[in-house]
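Dumped model_8.txt below, it's compact mmCIF, C-alpha atoms:
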# COMPACT_ATOMS: atom_id res chain seq x y z
CA MET A 1 0.00 0.00 0.00
CA ILE A 2 2.94 2.33 0.65
CA PHE A 3 4.09 1.80 -2.93
CA PHE A 4 0.57 2.46 -4.22
CA GLY A 5 0.45 5.68 -2.16
CA CYS A 6 3.81 6.70 -3.61
CA LEU A 7 2.49 6.12 -7.14
CA LEU A 8 -0.54 8.33 -6.42
CA VAL A 9 1.71 11.12 -5.15
CA LEU A 10 4.00 10.72 -8.17
CA VAL A 11 1.06 10.88 -10.57
CA LEU A 12 -0.12 14.11 -8.92
CA ALA A 13 3.38 15.61 -8.96
CA ALA A 14 3.94 14.59 -12.60
CA GLN A 15 0.57 16.00 -13.66
CA ILE A 16 1.44 19.36 -12.10
CA ALA A 17 4.99 19.25 -13.49
CA GLU A 18 3.58 18.72 -17.01
CA LEU A 19 1.97 22.16 -16.78
CA PHE A 20 5.37 23.75 -16.34
CA ILE A 21 7.28 21.74 -18.95
CA PRO A 22 7.23 23.76 -22.17
CA ALA A 23 6.31 22.13 -25.48
CA LEU A 24 9.28 20.95 -27.55
CA PRO A 25 9.77 23.46 -30.40
CA TRP A 26 12.15 21.09 -32.24
CA LEU A 27 9.39 18.46 -32.28
CA TYR A 28 6.61 20.61 -33.79
CA ASN A 29 5.65 21.87 -30.29
CA ALA A 30 4.87 18.33 -29.12
CA HIS A 31 4.05 18.11 -25.42
CA VAL A 32 5.83 16.05 -22.81
CA TYR A 33 3.65 13.56 -20.92
CA ILE A 34 5.07 11.80 -17.88
CA VAL A 35 1.92 10.61 -16.12
CA PRO A 36 1.13 7.80 -18.61
CA ILE A 37 4.55 6.24 -17.98
CA ILE A 38 3.88 6.09 -14.23
CA VAL A 39 0.34 4.78 -14.75
CA PHE A 40 1.51 2.08 -17.17
CA TYR A 41 4.24 0.99 -14.77
CA GLY A 42 1.60 0.83 -12.04
CA ALA A 43 -0.58 -1.24 -14.39
CA MET A 44 2.11 -3.91 -14.47
CA ALA A 45 3.26 -3.67 -10.88
CA LEU A 46 -0.08 -3.37 -9.07
CA PRO A 47 -2.87 -5.89 -8.52
CA PHE A 48 -5.94 -5.39 -10.73
CA PRO A 49 -8.13 -3.37 -8.29
CA LEU A 50 -5.30 -0.98 -7.41
CA MET A 51 -4.40 -0.66 -11.09
CA LEU A 52 -7.99 0.49 -11.74
CA ALA A 53 -7.78 2.94 -8.81
CA LEU A 54 -4.55 4.43 -10.17
CA ALA A 55 -6.01 4.70 -13.70
CA PHE A 56 -9.07 6.39 -12.23
CA PHE A 57 -7.00 8.91 -10.26
CA ALA A 58 -4.83 9.78 -13.27
CA GLY A 59 -7.93 10.03 -15.48
CA VAL A 60 -9.71 12.39 -13.09
CA LEU A 61 -6.67 14.68 -12.99
CA LEU A 62 -6.24 14.64 -16.76
CA ASP A 63 -9.93 15.31 -17.32
CA ALA A 64 -9.94 18.17 -14.84
CA LEU A 65 -6.95 19.83 -16.44
CA THR A 66 -7.71 19.26 -20.11
CA VAL A 67 -11.47 19.02 -20.65
CA GLN A 68 -12.72 22.43 -21.79
CA VAL A 69 -16.21 23.82 -21.50
CA ILE A 70 -16.45 26.45 -24.22
CA GLY A 71 -19.59 28.44 -24.86
CA GLY A 72 -21.63 26.12 -22.66
CA LYS A 73 -20.51 23.00 -24.55
CA VAL A 74 -18.15 20.29 -23.33
CA GLU A 75 -15.48 19.53 -25.93
CA ILE A 76 -14.48 16.14 -24.49
CA SER A 77 -16.74 14.70 -21.84
CA ALA A 78 -15.39 14.23 -18.34
CA GLY A 79 -14.61 10.56 -17.82
CA SER A 80 -13.08 10.02 -21.26
CA SER A 81 -9.55 10.06 -19.85
CA ILE A 82 -10.59 7.67 -17.07
CA LEU A 83 -11.92 5.30 -19.72
CA LEU A 84 -8.76 5.62 -21.84
CA TYR A 85 -6.44 5.06 -18.90
CA GLY A 86 -8.59 2.16 -17.67
CA VAL A 87 -8.58 0.34 -21.03
CA LEU A 88 -4.90 0.93 -21.83
CA ALA A 89 -3.74 0.11 -18.31
CA GLY A 90 -5.89 -3.03 -18.47
CA ILE A 91 -4.07 -4.13 -21.62
CA MET A 92 -0.74 -3.40 -19.96
CA HIS A 93 -1.82 -5.39 -16.92
CA GLY A 94 -2.43 -8.34 -19.22
CA LEU A 95 1.28 -8.30 -20.07
CA ARG A 96 2.23 -8.59 -16.42
CA PRO A 97 3.63 -12.15 -16.68
CA LEU A 98 6.38 -10.89 -18.97
CA PHE A 99 7.11 -8.00 -16.60
CA ALA A 100 7.15 -10.35 -13.62
CA ARG A 101 9.95 -12.27 -15.33
CA GLY A 102 11.93 -9.02 -15.51
CA ARG A 103 11.41 -8.38 -19.24
CA TRP A 104 10.68 -4.66 -19.77
CA GLU A 105 11.37 -4.03 -23.46
CA VAL A 106 7.83 -4.65 -24.67
CA HIS A 107 6.39 -2.50 -21.87
CA CYS A 108 8.71 0.42 -22.61
CA ILE A 109 7.68 0.36 -26.27
CA LEU A 110 4.01 -0.03 -25.36
CA SER A 111 4.21 2.90 -22.91
CA GLY A 112 5.19 5.10 -25.85
CA VAL A 113 2.58 3.62 -28.18
CA PHE A 114 -0.18 3.97 -25.57
CA THR A 115 0.83 7.57 -24.77
CA SER A 116 0.44 8.42 -28.46
CA LEU A 117 -2.84 6.50 -28.56
CA MET A 118 -4.19 8.69 -25.74
CA VAL A 119 -3.25 11.88 -27.59
CA LEU A 120 -4.71 10.45 -30.80
CA ALA A 121 -7.96 9.56 -29.02
CA GLN A 122 -8.22 13.13 -27.67
CA TYR A 123 -7.61 14.47 -31.15
CA LEU A 124 -10.29 12.25 -32.67
CA MET A 125 -12.75 13.33 -29.99
CA ILE A 126 -12.20 17.06 -30.58
CA THR A 127 -12.29 16.46 -34.33
CA PHE A 128 -15.64 14.73 -33.93
CA ARG A 129 -16.84 17.79 -32.02
CA ARG A 130 -15.33 20.50 -34.25
CA GLY A 131 -15.52 18.75 -37.60
CA SER A 132 -13.03 18.53 -40.50
CA LEU A 133 -10.65 15.63 -39.92
CA ILE A 134 -7.21 17.03 -40.67
CA PHE A 135 -3.97 15.04 -40.58
CA THR A 136 -0.97 17.21 -41.38
CA PRO A 137 2.66 16.28 -40.54
CA GLU A 138 2.45 18.73 -37.61
CA ILE A 139 -0.54 16.86 -36.19
CA TRP A 140 1.21 13.50 -36.59
CA TRP A 141 4.18 14.92 -34.70
CA GLN A 142 1.89 16.21 -31.96
CA ILE A 143 0.54 12.67 -31.64
CA GLY A 144 3.74 10.70 -32.20
CA GLY A 145 6.16 13.07 -30.44
CA PRO A 146 4.90 12.45 -26.89
CA GLY A 147 4.95 8.71 -27.58
CA LEU A 148 8.54 8.77 -28.81
CA PHE A 149 9.56 10.81 -25.79
CA ALA A 150 7.75 8.43 -23.42
CA MET A 151 9.38 5.44 -25.12
CA ALA A 152 12.82 7.02 -24.70
CA VAL A 153 12.47 7.88 -21.00
CA ALA A 154 10.35 4.88 -19.92
CA PRO A 155 13.39 2.68 -19.04
CA ILE A 156 14.69 5.37 -16.65
CA PHE A 157 11.28 5.81 -15.02
CA PHE A 158 10.72 2.05 -14.80
CA TRP A 159 14.11 1.59 -13.19
CA GLY A 160 13.38 4.39 -10.69
CA LEU A 161 9.95 2.99 -9.88
CA GLN A 162 11.32 -0.52 -9.43
CA TRP A 163 13.86 0.91 -7.01
CA LEU A 164 11.02 2.69 -5.20
CA GLY A 165 9.17 -0.64 -5.00
CA GLN A 166 12.21 -2.26 -3.45
CA ILE A 167 12.80 0.40 -0.81
CA THR A 168 9.12 0.33 0.17
CA ALA A 169 9.37 -3.48 0.47
CA TYR A 170 6.72 -3.95 -2.19
CA SER A 171 6.24 -7.66 -2.82
CA TYR A 172 4.03 -7.75 -5.93
CA GLY A 173 6.73 -6.32 -8.25
CA PRO A 174 8.88 -8.21 -10.74
CA GLU A 175 10.61 -11.37 -9.55
CA ARG A 176 14.11 -10.16 -10.08
CA ALA A 177 17.39 -9.85 -8.22
CA PRO A 178 17.74 -6.57 -6.30
CA ILE A 179 19.30 -3.68 -8.19
CA GLU A 180 22.98 -3.28 -7.33
CA MET B 1 -11.25 -13.47 -12.86
CA SER B 2 -11.45 -13.35 -9.08
CA ARG B 3 -14.42 -11.99 -7.19
CA THR B 4 -12.43 -8.98 -5.93
CA ASN B 5 -11.46 -8.07 -9.49
CA ILE B 6 -15.05 -8.27 -10.69
CA ILE B 7 -16.23 -6.02 -7.84
CA ALA B 8 -13.40 -3.55 -8.58
CA LEU B 9 -14.35 -3.52 -12.26
CA LEU B 10 -18.02 -2.93 -11.43
CA ILE B 11 -17.17 -0.03 -9.11
CA PHE B 12 -14.84 1.43 -11.77
CA GLY B 13 -17.60 1.12 -14.39
CA ALA B 14 -20.18 2.73 -12.13
CA VAL B 15 -17.95 5.70 -11.25
CA LEU B 16 -16.96 6.06 -14.90
CA GLY B 17 -20.63 6.11 -15.89
CA TYR B 18 -21.25 8.81 -13.30
CA PHE B 19 -18.44 10.98 -14.74
CA LEU B 20 -19.58 10.41 -18.32
CA SER B 21 -23.05 11.65 -17.39
CA PHE B 22 -21.71 15.10 -16.40
CA GLY B 23 -23.31 18.00 -18.27
CA PRO B 24 -21.50 21.27 -19.06
CA ALA B 25 -22.40 22.90 -15.72
CA THR B 26 -21.30 19.89 -13.64
CA THR B 27 -18.10 19.55 -15.67
CA GLN B 28 -17.37 23.24 -15.07
CA LYS B 29 -17.91 22.78 -11.32
CA PHE B 30 -15.77 19.63 -11.28
CA LYS B 31 -12.94 21.39 -13.12
CA ALA B 32 -13.16 24.45 -10.87
CA GLY B 33 -13.11 22.21 -7.79
CA VAL B 34 -9.98 20.34 -8.90
CA TYR B 35 -8.29 23.59 -9.93
CA GLY B 36 -9.15 25.00 -6.51
CA LEU B 37 -7.41 22.03 -4.86
CA LEU B 38 -4.39 22.30 -7.15
CA ALA B 39 -4.11 26.11 -6.88
CA PRO B 40 -1.43 26.11 -4.12
CA PHE B 41 0.69 23.63 -6.13
CA LEU B 42 0.31 25.62 -9.34
CA THR B 43 1.20 28.90 -7.66
CA GLY B 44 4.17 27.27 -5.89
CA GLY B 45 5.30 25.55 -9.12
CA SER B 46 5.18 28.87 -10.95
CA GLY B 47 7.50 30.40 -8.33
CA ILE B 48 9.95 27.47 -8.58
CA LYS B 49 9.95 27.71 -12.38
CA LYS B 50 10.81 31.43 -12.18
CA GLN B 51 13.69 30.68 -9.82
CA ILE B 52 15.04 27.95 -12.12
CA THR B 53 14.84 30.30 -15.12
CA SER B 54 16.63 32.99 -13.15
CA VAL B 55 19.43 30.58 -12.09
CA ARG B 56 19.79 29.39 -15.69
CA SER B 57 20.19 32.93 -17.02
CA GLY B 58 22.74 33.56 -14.25
CA LEU B 59 24.75 30.54 -15.38
CA LYS B 60 24.84 31.87 -18.92
CA SER B 61 26.44 35.13 -17.84
CA LEU B 62 29.01 33.20 -15.78
CA ASP B 63 29.91 31.23 -18.87
CA GLN B 64 30.48 34.42 -20.84
CA LEU B 65 32.61 35.87 -18.07
CA GLU B 66 34.94 32.88 -18.05
CA HIS B 67 35.70 33.46 -21.71
CA GLU B 68 36.15 37.20 -21.37
CA ASN B 69 38.71 37.51 -18.61
CA ALA B 70 40.00 34.75 -16.39
CA ALA B 71 41.91 37.10 -14.04
CA LEU B 72 38.88 39.26 -13.23
CA GLN B 73 36.48 36.38 -13.12
CA VAL B 74 35.49 36.56 -9.46
CA GLU B 75 35.09 40.33 -9.33
CA ASN B 76 33.30 40.36 -12.63
CA ARG B 77 30.94 37.64 -11.47
CA GLU B 78 29.91 39.66 -8.43
CA LEU B 79 29.37 42.85 -10.43
CA ARG B 80 27.42 41.08 -13.12
CA ALA B 81 25.25 39.29 -10.61
CA THR B 82 24.43 42.62 -8.96
CA ASN B 83 23.73 44.19 -12.33
CA GLN B 84 21.57 41.28 -13.37
CA GLY B 85 19.56 41.64 -10.21
CA LEU B 86 19.11 45.38 -10.80
CA ARG B 87 18.15 44.81 -14.42
CA ASP B 88 15.51 42.30 -13.31
CA VAL B 89 14.14 44.85 -10.85
CA GLU B 90 14.21 47.60 -13.50
CA HIS B 91 12.44 45.34 -15.98
CA GLU B 92 9.79 44.51 -13.42
CA VAL B 93 9.34 48.16 -12.40
CA ASN B 94 8.94 49.16 -16.07
CA ARG B 95 6.54 46.32 -16.70
CA LEU B 96 4.38 47.18 -13.70
CA ARG B 97 4.49 50.92 -14.46
CA HIS B 98 3.41 50.19 -18.02
CA ALA B 99 0.60 47.97 -16.75
CA LEU B 100 -0.52 50.53 -14.20
CA ASN B 101 -0.64 53.26 -16.85
CA TYR B 102 -2.73 51.04 -19.07
CA ARG B 103 -5.10 50.23 -16.25
CA GLU B 104 -5.56 53.90 -15.42
CA ARG B 105 -6.26 55.06 -18.97
CA SER B 106 -8.39 52.07 -19.97
CA VAL B 107 -12.13 52.51 -20.39
CA PHE B 108 -12.66 49.07 -18.85
CA LYS B 109 -12.61 47.90 -15.25
CA LEU B 110 -9.56 45.69 -15.21
CA VAL B 111 -8.20 43.11 -12.79
CA ALA B 112 -4.46 42.53 -13.16
CA ALA B 113 -3.34 38.88 -13.22
CA GLU B 114 -0.15 36.91 -13.60
CA ILE B 115 0.21 33.81 -15.75
CA ILE B 116 1.21 30.85 -13.59
CA ALA B 117 0.97 27.92 -16.03
CA ARG B 118 0.62 27.32 -19.76
CA ASP B 119 -0.94 24.81 -22.18
CA SER B 120 -1.84 21.68 -20.30
CA SER B 121 -2.46 19.56 -23.37
CA SER B 122 -1.70 19.20 -27.06
CA TRP B 123 -5.04 20.33 -28.43
CA TRP B 124 -6.04 23.42 -26.46
CA ARG B 125 -4.21 26.74 -26.22
CA THR B 126 -4.77 27.86 -22.63
CA VAL B 127 -2.99 29.61 -19.78
CA THR B 128 -3.76 29.63 -16.07
CA ILE B 129 -3.88 32.97 -14.22
CA ASN B 130 -3.62 33.69 -10.49
CA ARG B 131 -7.02 35.36 -10.16
CA GLY B 132 -10.40 33.74 -9.56
CA ARG B 133 -13.87 34.16 -8.23
CA ARG B 134 -12.57 35.98 -5.15
CA ASP B 135 -11.33 38.74 -7.47
CA ALA B 136 -14.73 39.06 -9.18
CA ILE B 137 -13.65 36.97 -12.17
CA GLU B 138 -16.36 35.01 -13.93
CA THR B 139 -16.61 32.67 -16.89
CA ASP B 140 -16.47 34.23 -20.39
CA MET B 141 -14.72 37.44 -19.41
CA SER B 142 -12.28 39.00 -21.89
CA VAL B 143 -8.59 38.90 -21.09
CA VAL B 144 -6.37 41.61 -22.58
CA THR B 145 -3.00 43.31 -22.37
CA ASP B 146 -2.19 46.91 -23.22
CA VAL B 147 -1.43 45.67 -26.76
CA GLY B 148 -4.60 43.76 -27.52
CA LEU B 149 -6.84 40.77 -26.94
CA VAL B 150 -5.47 37.63 -25.26
CA GLY B 151 -8.56 35.41 -24.88
CA LYS B 152 -11.41 34.71 -22.50
CA THR B 153 -11.85 32.94 -19.17
CA THR B 154 -13.37 29.46 -19.27
CA THR B 155 -12.97 27.71 -15.92
CA VAL B 156 -12.93 29.90 -12.82
CA SER B 157 -12.10 28.58 -9.36
CA ASP B 158 -11.81 30.64 -6.17
CA THR B 159 -8.19 31.66 -6.67
CA ILE B 160 -7.16 30.71 -10.22
CA SER B 161 -8.76 30.73 -13.68
CA VAL B 162 -8.15 29.13 -17.05
CA VAL B 163 -7.94 31.45 -20.05
CA LEU B 164 -8.66 30.16 -23.55
CA LEU B 165 -6.28 32.00 -25.89
CA VAL B 166 -7.35 33.65 -29.14
CA SER B 167 -5.02 31.21 -30.93
CA ASP B 168 -7.26 28.27 -29.97
CA GLU B 169 -9.51 26.93 -32.72
CA SER B 170 -12.56 26.96 -30.47
CA CYS B 171 -12.15 30.61 -29.40
CA ARG B 172 -14.35 32.48 -31.89
CA ILE B 173 -14.50 36.25 -31.93
CA ALA B 174 -16.74 38.55 -33.96
CA ALA B 175 -14.41 41.04 -35.65
CA SER B 176 -14.39 44.10 -37.87
CA VAL B 177 -11.61 45.35 -40.10
CA GLU B 178 -10.13 48.83 -39.77
CA GLY B 179 -10.92 51.10 -42.72
CA SER B 180 -13.60 48.84 -44.20
CA ARG B 181 -17.12 47.64 -43.50
CA GLU B 182 -15.97 44.03 -43.49
CA GLN B 183 -16.95 41.84 -40.57
CA GLY B 184 -16.04 38.23 -39.88
CA ILE B 185 -15.21 35.63 -37.27
CA VAL B 186 -11.69 35.20 -35.96
CA SER B 187 -10.53 31.81 -34.71
CA GLY B 188 -7.22 30.11 -34.07
CA GLU B 189 -5.83 27.08 -35.84
CA ARG B 190 -6.02 23.50 -34.63
CA ILE B 191 -2.28 23.17 -34.84
CA THR B 192 0.42 25.83 -34.66
CA ARG B 193 2.83 25.79 -37.58
CA GLY B 194 6.20 26.99 -36.32
CA MET B 195 6.65 29.06 -33.19
CA ALA B 196 4.22 31.91 -33.83
CA PRO B 197 0.51 31.09 -33.96
CA SER B 198 -1.67 32.48 -36.73
CA LEU B 199 -5.35 33.44 -36.66
CA ASP B 200 -7.98 33.00 -39.38
CA LEU B 201 -10.55 35.68 -40.17
CA ASN B 202 -13.41 33.87 -41.91
CA PHE B 203 -16.72 34.77 -43.53
CA LEU B 204 -15.48 37.94 -45.22
CA SER B 205 -16.95 38.94 -48.55
CA LYS B 206 -15.04 37.76 -51.64
CA GLN B 207 -14.50 41.37 -52.63
CA ALA B 208 -12.98 42.37 -49.28
CA ASP B 209 -9.45 42.58 -50.70
CA LEU B 210 -7.80 43.27 -47.36
CA LYS B 211 -4.26 44.59 -47.40
CA PRO B 212 -1.41 43.37 -45.20
CA GLY B 213 -1.09 45.57 -42.13
CA GLN B 214 -4.78 46.40 -41.75
CA LYS B 215 -5.86 46.09 -38.12
CA VAL B 216 -8.67 43.82 -36.96
CA TYR B 217 -10.72 44.71 -33.87
CA THR B 218 -13.46 43.01 -31.86
CA SER B 219 -16.86 44.14 -33.12
CA GLY B 220 -18.69 43.53 -29.84
CA VAL B 221 -21.24 41.20 -31.45
CA GLY B 222 -21.90 38.14 -29.31
CA GLY B 223 -21.52 39.83 -25.97
CA VAL B 224 -18.36 38.14 -24.66
CA PHE B 225 -15.75 40.52 -26.07
CA PRO B 226 -16.36 44.27 -25.86
CA SER B 227 -15.88 46.19 -29.11
CA GLY B 228 -12.67 47.97 -30.02
CA LEU B 229 -10.07 45.51 -28.74
CA LEU B 230 -7.22 44.90 -31.17
CA ILE B 231 -7.09 41.22 -32.18
CA GLY B 232 -4.37 41.24 -34.81
CA VAL B 233 -3.02 42.52 -38.08
CA VAL B 234 -3.83 41.17 -41.55
CA LYS B 235 -1.02 39.05 -43.01
CA THR B 236 -2.62 37.68 -46.16
CA PHE B 237 -6.03 37.62 -47.84
CA ARG B 238 -7.47 35.10 -50.25
CA ALA B 239 -10.84 34.97 -51.99
CA ARG B 240 -12.41 31.51 -51.79
CA GLU B 241 -15.30 30.08 -53.79
CA LEU B 242 -18.01 31.52 -51.53
CA ASP B 243 -16.26 33.96 -49.20
CA GLY B 244 -12.95 35.56 -48.33
CA GLN B 245 -10.46 34.52 -45.67
CA ALA B 246 -7.61 36.49 -44.12
CA GLN B 247 -4.74 35.26 -42.03
CA LEU B 248 -3.80 37.44 -39.08
CA THR B 249 -0.80 37.86 -36.86
CA PRO B 250 -2.04 38.13 -33.26
CA ALA B 251 -1.51 41.58 -31.74
CA VAL B 252 -0.20 40.03 -28.53
CA ASP B 253 2.88 37.80 -28.41
CA LEU B 254 1.09 34.87 -26.79
CA SER B 255 4.22 32.81 -26.22
CA HIS B 256 5.86 35.40 -23.96
CA LEU B 257 2.94 36.63 -21.90
CA GLU B 258 3.61 37.37 -18.24
CA ASP B 259 0.88 39.74 -17.08
CA VAL B 260 -2.65 40.18 -18.35
CA PHE B 261 -5.83 42.02 -17.39
CA VAL B 262 -9.29 40.54 -17.04
CA VAL B 263 -12.06 42.88 -18.21
CA THR B 264 -14.71 42.81 -15.49
CA GLY B 265 -16.86 45.63 -16.89
CA ARG B 266 -16.86 49.20 -18.17
CA ARG B 267 -16.02 52.24 -16.06

For the file at hand, write its structure as structure tokens.
Amino acid sequence: MIFFGCLLVLVLAAQIAELFIPALPWLYNAHVYIVPIIVFYGAMALPFPLMLALAFFAGVLLDALTVQVIGGKVEISAGSSILLYGVLAGIMHGLRPLFARGRWEVHCILSGVFTSLMVLAQYLMITFRRGSLIFTPEIWWQIGGPGLFAMAVAPIFFWGLQWLGQITAYSYGPERAPIE
Amino acid sequence: MSRTNIIALLIFGAVLGYFLSFGPATTQKFKAGVYGLLAPFLTGGSGIKKQITSVRSGLKSLDQLEHENAALQVENRELRATNQGLRDVEHEVNRLRHALNYRERSVFKLVAAEIIARDSSSWWRTVTINRGRRDAIETDMSVVTDVGLVGKTTTVSDTISVVLLVSDESCRIAASVEGSREQGIVSGERITRGMAPSLDLNFLSKQADLKPGQKVYTSGVGGVFPSGLLIGVVKTFRARELDGQAQLTPAVDLSHLEDVFVVTGRR
């Protein structure tokens, strides 16, 4: 439970930090998303009910900070991020056996892919609302950029979170020798 | 699937259903509530970010000093640090004096605000300001600087508010063009090409033939934005099959905003 509490605090801290991290001008102003990496690690490292609780918490925060009510209309309904996190974290949880054996490669790649999928889903939802489906290279970079970034930093985050699991004596993590 | 997992899934589904059933008013309240809870973190984070930026700019000047003169490095460092501090103070004094002048000569009742956070996602152009309901801020109030229009408030909590920028596609403003009878709707673009955002002025007549440099102001139609606020300057004009469209450069440099004013009424 201590580890789960730590993950909740980290999700909150990361969500706030994202507001202060500027978009990457060399990547077509793509945004940096850290929260999905933490949630997807939690999806592998936590039991199913706690995984759902973490996905719910992250979804509520993301909805609160991104959903816009403009002119009396909701652009993306509240709850959509909870649903996205729930489904994607559920898929990640299904790959837990591989993670439990200490194999992280697939999960690092999937963290990136799922981050991009979340941004793509948001884009499709606002497109449905605003009309005119546009896919320019800039939009693809906005969708793919955060995923590439997440993929690149996921190993560092996973390593840090595994270390956190060890120091909090978390027993449900990967069956692996302690980090030197 | 174990019984615990099924129960957890059912609870998750039920709570998700509850959130999905939120209407605009409930969503607005939910957002304002969460923003209210996060306000101390956002304000604190803004302060930390400023300190980091300040340290980073200090390190740059140290780097330059090392190259300039190794013998006078220490003395130079002290003098430059002092100067840097004074320059920051001077810049701030000028900025505040400028803002105060604008507030005094403006025909609107203005509430000064500082930007504490920027875009929180890929698809909306927003900023968060350090003023809320306690400062008489409400939803759909215009936000301006002494140069021109910035956007409008969307979510308002007790102490902070979210401002939708004019560069956002969903921020639509009724506009009129200086020196012509042309009227249209200004909106941002879904995606920013390059560093500087561009605005579109739609629904002009085909014969409008706007010239680069012509100024575009709010027309006051619609009730959210008062008339006479500068939105931007015409960059290009093109006649389409049914109407005309102009591209505008926003009057305000939205990427370097620090202070803004919320229009709470007329004097």

Residues of chain A within 6 Å of chain B, all atoms listed in the file counted, as a PyMOL selection string: chain A and resi 19+49+64+73-74+78-79

Two-atom distance - atom CA of B:Thr43, atom CA of A:Ile82 (Å):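 Between these atoms lies a distance of 26.0 Å.
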
Near-A:Ala152 list (9 Å; only C-alpha atoms; drop same-chain fewer than 3 positions) as JSON, numbers by chain: {"A": [108, 109, 112, 147, 148, 149, 155, 156]}

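Minimum distance to B:Gly132 across B:Asp146, B:Asp259, B:Asp158, B:Glu68 (counting only C-alpha atoms) occurs at B:Asp158.
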
Of the listed residues A:Ala43, A:Ala30, A:Leu124, A:Cys6, that which approaches A:Leu164 most closely, counting only C-alpha atoms: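 Selected residue with least distance to A:Leu164: A:Cys6.
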
Straight-line distance linking atom CA of A:Ala55 with atom CA of A:Gly90, stated in Å to one decimal: 9.1 Å

Non-local contacts of A:Phe56 (10 Å; all atoms listed in the file; under 2 positions in same chain excluded) as a list in words: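 Selected residues are Val39, Leu50, Met51, Leu52, Ala53, Leu54, Ala58, Gly59, Val60, Leu61, Leu62, Gly79, Ser81, Ile82, Leu83, Leu84, Tyr85 and Gly86 of chain A; Phe12, Val15 and Leu16 of chain B.
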
Keeping only C-alpha atoms, write the selected residues to a file as an mmCIF file, in the coordinates of the input.
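For reference, out31.cif as written:
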data_model
loop_
_atom_site.group_PDB
_atom_site.id
_atom_site.type_symbol
_atom_site.label_atom_id
_atom_site.label_comp_id
_atom_site.auth_asym_id
_atom_site.auth_seq_id
_atom_site.Cartn_x
_atom_site.Cartn_y
_atom_site.Cartn_z
ATOM 1 C CA VAL A 39 0.340 4.780 -14.750
ATOM 2 C CA LEU A 50 -5.300 -0.980 -7.410
ATOM 3 C CA MET A 51 -4.400 -0.660 -11.090
ATOM 4 C CA LEU A 52 -7.990 0.490 -11.740
ATOM 5 C CA ALA A 53 -7.780 2.940 -8.810
ATOM 6 C CA LEU A 54 -4.550 4.430 -10.170
ATOM 7 C CA ALA A 58 -4.830 9.780 -13.270
ATOM 8 C CA GLY A 59 -7.930 10.030 -15.480
ATOM 9 C CA VAL A 60 -9.710 12.390 -13.090
ATOM 10 C CA LEU A 61 -6.670 14.680 -12.990
ATOM 11 C CA LEU A 62 -6.240 14.640 -16.760
ATOM 12 C CA GLY A 79 -14.610 10.560 -17.820
ATOM 13 C CA SER A 81 -9.550 10.060 -19.850
ATOM 14 C CA ILE A 82 -10.590 7.670 -17.070
ATOM 15 C CA LEU A 83 -11.920 5.300 -19.720
ATOM 16 C CA LEU A 84 -8.760 5.620 -21.840
ATOM 17 C CA TYR A 85 -6.440 5.060 -18.900
ATOM 18 C CA GLY A 86 -8.590 2.160 -17.670
ATOM 19 C CA PHE B 12 -14.840 1.430 -11.770
ATOM 20 C CA VAL B 15 -17.950 5.700 -11.250
ATOM 21 C CA LEU B 16 -16.960 6.060 -14.900
#

For A:Arg130, the nearest of the candidates A:Glu75, A:Phe48, A:His107, A:Leu12, counting all atoms listed in the file: A:Glu75

Between atom CA of B:Arg131 and atom CA of B:Val233 - distance in Å to one decimal: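 Distance between the two atoms: 29.1 Å.
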
Expected residue set, 9 Å radius at (-8.6, 33.5, -30.7), all atoms listed in the file, as a PyMOL selection string: chain B and resi 149-152+164-173+186-189+199-200+231+250

Hey, what's within 12 Å of A:Tyr28 if we count all atoms listed in the file and toss same-chain stuff fewer than 2 positions away? As a PDB file with C-alpha atoms, in the frame of the given file, please?
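Below you can see part.pdb, which holds the result:
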ATOM      1  CA  ALA A  23       6.310  22.130 -25.480  1.00  0.00           C
ATOM      2  CA  LEU A  24       9.280  20.950 -27.550  1.00  0.00           C
ATOM      3  CA  PRO A  25       9.770  23.460 -30.400  1.00  0.00           C
ATOM      4  CA  TRP A  26      12.150  21.090 -32.240  1.00  0.00           C
ATOM      5  CA  ALA A  30       4.870  18.330 -29.120  1.00  0.00           C
ATOM      6  CA  HIS A  31       4.050  18.110 -25.420  1.00  0.00           C
ATOM      7  CA  VAL A  32       5.830  16.050 -22.810  1.00  0.00           C
ATOM      8  CA  THR A 136      -0.970  17.210 -41.380  1.00  0.00           C
ATOM      9  CA  PRO A 137       2.660  16.280 -40.540  1.00  0.00           C
ATOM     10  CA  GLU A 138       2.450  18.730 -37.610  1.00  0.00           C
ATOM     11  CA  ILE A 139      -0.540  16.860 -36.190  1.00  0.00           C
ATOM     12  CA  TRP A 140       1.210  13.500 -36.590  1.00  0.00           C
ATOM     13  CA  TRP A 141       4.180  14.920 -34.700  1.00  0.00           C
ATOM     14  CA  GLN A 142       1.890  16.210 -31.960  1.00  0.00           C
ATOM     15  CA  ILE A 143       0.540  12.670 -31.640  1.00  0.00           C
ATOM     16  CA  GLY A 144       3.740  10.700 -32.200  1.00  0.00           C
ATOM     17  CA  GLY A 145       6.160  13.070 -30.440  1.00  0.00           C
ATOM     18  CA  PRO A 146       4.900  12.450 -26.890  1.00  0.00           C
TER      19      PRO A 146
ATOM     20  CA  SER B 122      -1.700  19.200 -27.060  1.00  0.00           C
ATOM     21  CA  ILE B 191      -2.280  23.170 -34.840  1.00  0.00           C
ATOM     22  CA  THR B 192       0.420  25.830 -34.660  1.00  0.00           C
ATOM     23  CA  ARG B 193       2.830  25.790 -37.580  1.00  0.00           C
ATOM     24  CA  GLY B 194       6.200  26.990 -36.320  1.00  0.00           C
ATOM     25  CA  MET B 195       6.650  29.060 -33.190  1.00  0.00           C
ATOM     26  CA  ALA B 196       4.220  31.910 -33.830  1.00  0.00           C
TER      27      ALA B 196
END
